[in-house]
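> Quick one: the structure is below, questions incoming.
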Amino acid sequence: MNTKQQEKVATRNAYGRALVELGRRFPEIVVLDADLSKSTKTHEFARAFPDRFFNMGIAEQNLMGTAAGFALAGKIPFASTFAVFATGRPFDQVRNTIAYPGLNVKIVATHAGITVGEDGASHQAVEDIALMRALPNMTVIVPADATETARAVAAAAAHQGPVYMRLGRPAVPVLFGEDYEFRLGAAAVLREGSDAAICATGVMVAEALKAAEQLAAQGIEVAVANIHTIKPLDVETIVHLARKTGALVTAEEHTIYGGLGSAVAEVLGEHYPVPLVRVGIKDRFGESGAPAQLMEAFGLTASHIVRAVEVVRRRRAEWAGRCR
Amino acid sequence: MAEVPAELVQELEARARSLRADVIRMLAEAGSGHPGGSLSAVEIVTALYFHVLRLRPQQPAWPDRDRFILSKGHAAPLLYAALAARGFFPAGELLTLRKLGSPLQGHPDLRKVPGVEASTGSLGQGLSVGLGMALAGKLDRRNYRVYVLLGDGESQEGQVWEAAMAAAHYRAGNLTAILDYNGLQIDGPVSEVLSPLPLAEKWQAFGWAVREIDGHDFAALINAFSWAAEGRECPSLILARTVKGKGVSFMENQVDWHGAAPSKEQAARALAELEARSPFKTTGRPSVCPQFAPDTDGEGWIRRPLGGRRGETLLSGAESRAAEKACRS
Ligand SMILES: Cc1ncc(C[n+]2csc(CCOP(=O)(O)OP(=O)(O)O)c2C)c(N)n1
Ligand SMILES: [Mg+2]
């Protein structure tokens, strides 16, 4: 893992490549898209395996229903479009036809979050994790970089059951080397520390690592956990971090309602209450702007995480001094 | 087909060129956005905003206004340019398109821009919204009309057909859809990606009155809008054959210009092409004022027949004053 190294690759590009590779190994993989194959990168699979690629046009509900049919006939369908149109538009099809019977459909959505940028709120899914996490049977994965995406796509194909995977539009730092091991459902502690712990997911993992470095320069050692699997959540690791540090921060490019922050709060509330500060989108829709500007404006940078760590540590001190 | 005055067509053509130029400038400045589907709809939107729609830019919420919904919301730059040209907001704001803090979002936000009737961008939803407005207009006995612009790729969305079925069922004769039939979507030609054809027959089978025209021909557009407003009970569809990227030679019929902004250099070339086809009409109100005329028999003003309604309609006192102001200043 390396935050200084400047190589940047979009997770959707890693997805396109991984699909082609998997397509070779698994003849039962079919890919469906909804007129966004150049953006989701499924067009690479289409080029390699034209017979196993189906462009369903701008019709996301039919996209999901057809994927369900493929799964019932023994195929491993990957259905891709932008995250907004993969979760919100066909929510009922995903709920009733895919998740309820636990069908083996892999929904891999790109262009999640505000890093979509200039297209604005209509195209920026900030609630997709919440929607998919609420569905029984659904596995929810948010890779942090290109390497992890490739591993996660392979793991999703090997997993039996519905999967929602959340990918992004812009190139993001490559954090993990070729030796990186991905275990579905197991949080990866990337950095140890006992002053506080940051649980981050997706693009915020890189920001969390940067924040940890900045804090280390001030003598504050924070643990960083990459929560790539939001569901099933690695409760054990989160409780362990809570016990060890007594102060948690979550970081996600998603609304703080229903996403990683909520999931961690649920775990802490039931198992080991400690102060928690959630870095995420504060109950608002996205808007148009350059991705980096938006991340700044929405409070989703390393320096915002640093501030959150300071707040949560202060709160821990206050709570400790309080007669409970 | 009724004769459309040449001066009116010239007026609208000049407007169209200036809207095209606005779109190019806005996209080049923004560095992202959708030229192809904005340019294909320029004549449709020009005819609506400068001839057909009854609007009060100073009173955007006027209850009797005609409604226009850009269901293919990615053509937002065109809508913004038309609204600015009609005086809904200062044209200077156009160059803030897609910038952080600008009201001009990548896709239209009805809470941010006066004159935007619905927040669109997620395709396939605008016709339903237009239907709701149309049915409300009938309930309230208001005689506004509702116009919805759809894409041909967009018509792959099931909701479009749900709305089509409902509009015919509820006899929304005050609802007109215009389908920007440019033949292209993002991944290729609509006929190859997922064919929605035949379009005219489908809409007819859904209970709509259908007329197919050249969507860049103002005389045809104006006649089609008159036809749409003839007062029949069923909703009407204008199937407008268009060219994606129309007006900029290197963008025409090129699928790759769906969602890529021109560079500064490409924009300069595009603008040079447009300017070579002068005249331009960039500012001010419609000078020909095609919509209204003084009533020769009385003191008020009338709406003229072309484009909006069958026959002339006498305007109320307040409407007359507004019409006079619009046409004489
Ligand atoms: C529900 C939904 N799915 C996908 C998209 C992404 N998208 C934006 S424009 C477009 C193609 C539209 O094609 P068409 O309707 O033919 O528009 P035009 O050619 O007029 O630009 C797509 C797929 C979207 N905006 N909304
Ligand atoms: Mg089209």
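By order of appearance in the structure tokens: chains A, B, ..., then residues from 1 within every chain, and ligands from 1 in the order shown.
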Which residues form the shell of 12 Å around ligand 2 when you count only C-alpha atoms and all ligand atoms, given as an NGL selection string?
(:A and (35 or 57-58)) or (:B and (34-41 or 72 or 74-75 or 123 or 149-156 or 179-191 or 193-196 or 240-245 or 253-255 or 257-259))
> Compute the set of chain A residues within 6 Å of chain B, using only C-alpha atoms, and express it as a list in words.
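The selection requested is Asp35, Gly57, Ile58, Ala59, Glu118, Asp119, Gly120, Ser122, Ser288 and Gly289 of chain A.
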> Dump N, CA and C atoms for the selected residues as a compact mmCIF listing (two decimals), in the first residue's frame?

```txt
# COMPACT_ATOMS: atom_id res chain seq x y z
N ASP A 35 -26.98 1.29 -22.20
CA ASP A 35 -26.52 2.41 -23.02
C ASP A 35 -25.43 3.24 -22.34
N GLY A 57 -30.36 -1.07 -23.78
CA GLY A 57 -30.90 0.26 -24.04
C GLY A 57 -31.14 1.01 -22.72
N ILE A 58 -31.77 2.18 -22.85
CA ILE A 58 -31.99 3.01 -21.66
C ILE A 58 -33.24 2.50 -20.97
N ALA A 59 -33.09 1.41 -20.26
CA ALA A 59 -34.25 0.72 -19.68
C ALA A 59 -33.76 -0.12 -18.51
N GLU A 118 -19.50 17.21 -12.82
CA GLU A 118 -20.28 18.25 -13.49
C GLU A 118 -21.71 17.85 -13.85
N ASP A 119 -21.98 16.58 -14.02
CA ASP A 119 -23.35 16.17 -14.37
C ASP A 119 -24.36 16.55 -13.29
N GLY A 120 -23.89 16.66 -12.05
CA GLY A 120 -24.76 17.16 -10.99
C GLY A 120 -25.60 16.10 -10.30
N SER A 122 -28.56 14.84 -10.31
CA SER A 122 -29.38 13.79 -10.92
C SER A 122 -28.57 12.55 -11.24
N SER A 288 -23.44 20.21 -9.28
CA SER A 288 -22.43 20.26 -10.33
C SER A 288 -21.16 20.94 -9.83
N GLY A 289 -20.04 20.48 -10.35
CA GLY A 289 -18.76 21.08 -10.01
C GLY A 289 -17.66 20.08 -10.34
```
> Just the residues within 9 Å of B:Leu55, please, counting only C-alpha atoms, with nothing from its chain fewer than 5 positions along; format it as an NGL selection string.
:B and (49 or 60 or 62 or 64-67 or 115)
> Include N, CA, C and O atoms and write out the residues we just selected as a CSV table (one decimal), in the first residue's frame.

```csv
chain,number,residue,atom,x,y,z
B,49,TYR,N,-40.0,28.5,-27.7
B,49,TYR,CA,-39.8,29.6,-26.9
B,49,TYR,C,-40.0,31.0,-27.6
B,49,TYR,O,-40.2,32.0,-26.9
B,60,PRO,N,-42.5,34.0,-13.7
B,60,PRO,CA,-42.3,32.6,-14.2
B,60,PRO,C,-43.4,31.6,-13.7
B,60,PRO,O,-43.7,30.6,-14.3
B,62,TRP,N,-46.6,32.3,-13.5
B,62,TRP,CA,-47.9,32.7,-14.0
B,62,TRP,C,-48.8,31.4,-14.2
B,62,TRP,O,-48.3,30.5,-15.0
B,64,ASP,N,-51.3,30.5,-15.9
B,64,ASP,CA,-51.8,30.2,-17.2
B,64,ASP,C,-50.7,30.0,-18.2
B,64,ASP,O,-51.0,29.8,-19.4
B,65,ARG,N,-49.5,30.0,-17.8
B,65,ARG,CA,-48.4,29.8,-18.8
B,65,ARG,C,-48.5,28.4,-19.4
B,65,ARG,O,-48.9,27.5,-18.8
B,66,ASP,N,-48.0,28.3,-20.6
B,66,ASP,CA,-47.7,27.0,-21.2
B,66,ASP,C,-46.5,26.4,-20.5
B,66,ASP,O,-45.6,27.2,-20.1
B,67,ARG,N,-46.5,25.1,-20.4
B,67,ARG,CA,-45.4,24.4,-19.8
B,67,ARG,C,-44.5,23.7,-20.8
B,67,ARG,O,-45.1,23.1,-21.7
B,115,GLY,N,-38.1,29.4,-14.7
B,115,GLY,CA,-38.5,29.0,-16.1
B,115,GLY,C,-38.4,27.5,-16.3
B,115,GLY,O,-38.9,26.9,-17.2
```
> Looking at only C-alpha atoms, which of A:Ala158, A:Ala216, A:Ala73, A:Leu167 is the one that sits closest to A:Asp128?
A:Leu167
> Find, counting only C-alpha atoms and all ligand atoms, the residue in A:Leu63, A:Leu190, A:Ala10, A:Leu22 that gets nearest to ligand 1.
A:Leu63
> Smallest atom-to-atom distance to ligand 1: which of B:Thr96, B:Gln10, B:Gln59, B:Gln125, using only C-alpha atoms and all ligand atoms?
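The answer is B:Gln125, which sits nearest to ligand 1.
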> Name the residues in contact with A:Trp319 at a cut-off of 12 Å, using only C-alpha atoms, excluding same-chain residues fewer than 3 positions from it; report them as a VMD selection string.
chain A and resid 246 to 247 273 to 276 312 to 316 322 to 324
> Mind writing the picked residues with N, CA and C atoms as a JSON list (two decimals), in the first residue's frame?

```
[["chain", "number", "residue", "atom", "x", "y", "z"],
["A", 246, "GLY", "N", -11.23, 3.55, 21.52],
["A", 246, "GLY", "CA", -12.28, 4.30, 22.22],
["A", 246, "GLY", "C", -12.78, 5.51, 21.46],
["A", 247, "ALA", "N", -12.42, 5.65, 20.19],
["A", 247, "ALA", "CA", -12.86, 6.82, 19.40],
["A", 247, "ALA", "C", -12.84, 6.46, 17.93],
["A", 273, "PRO", "N", -20.44, 0.94, 22.88],
["A", 273, "PRO", "CA", -20.61, 2.38, 22.59],
["A", 273, "PRO", "C", -19.36, 3.19, 22.90],
["A", 274, "VAL", "N", -18.86, 3.85, 21.90],
["A", 274, "VAL", "CA", -17.76, 4.81, 22.06],
["A", 274, "VAL", "C", -18.12, 6.01, 21.18],
["A", 275, "PRO", "N", -17.51, 7.17, 21.41],
["A", 275, "PRO", "CA", -17.82, 8.31, 20.56],
["A", 275, "PRO", "C", -17.50, 8.03, 19.10],
["A", 276, "LEU", "N", -18.36, 8.55, 18.23],
["A", 276, "LEU", "CA", -18.22, 8.32, 16.79],
["A", 276, "LEU", "C", -18.50, 9.63, 16.06],
["A", 312, "VAL", "N", -13.52, 13.74, 17.75],
["A", 312, "VAL", "CA", -13.92, 12.50, 18.42],
["A", 312, "VAL", "C", -13.02, 12.23, 19.63],
["A", 313, "ARG", "N", -11.77, 12.65, 19.54],
["A", 313, "ARG", "CA", -10.86, 12.44, 20.69],
["A", 313, "ARG", "C", -11.25, 13.37, 21.83],
["A", 314, "ARG", "N", -11.65, 14.60, 21.48],
["A", 314, "ARG", "CA", -12.10, 15.53, 22.51],
["A", 314, "ARG", "C", -13.35, 14.97, 23.21],
["A", 315, "ARG", "N", -14.23, 14.42, 22.38],
["A", 315, "ARG", "CA", -15.47, 13.88, 22.93],
["A", 315, "ARG", "C", -15.17, 12.69, 23.84],
["A", 316, "ARG", "N", -14.21, 11.89, 23.44],
["A", 316, "ARG", "CA", -13.84, 10.75, 24.27],
["A", 316, "ARG", "C", -13.36, 11.23, 25.64],
["A", 322, "ARG", "N", -17.03, 12.37, 32.44],
["A", 322, "ARG", "CA", -18.41, 12.52, 32.87],
["A", 322, "ARG", "C", -18.80, 11.37, 33.79],
["A", 323, "CYS", "N", -19.58, 11.67, 34.82],
["A", 323, "CYS", "CA", -20.05, 10.62, 35.72],
["A", 323, "CYS", "C", -21.17, 9.86, 35.03],
["A", 324, "ARG", "N", -20.97, 8.59, 34.71],
["A", 324, "ARG", "CA", -21.99, 7.86, 33.97],
["A", 324, "ARG", "C", -22.72, 6.88, 34.84]]
```
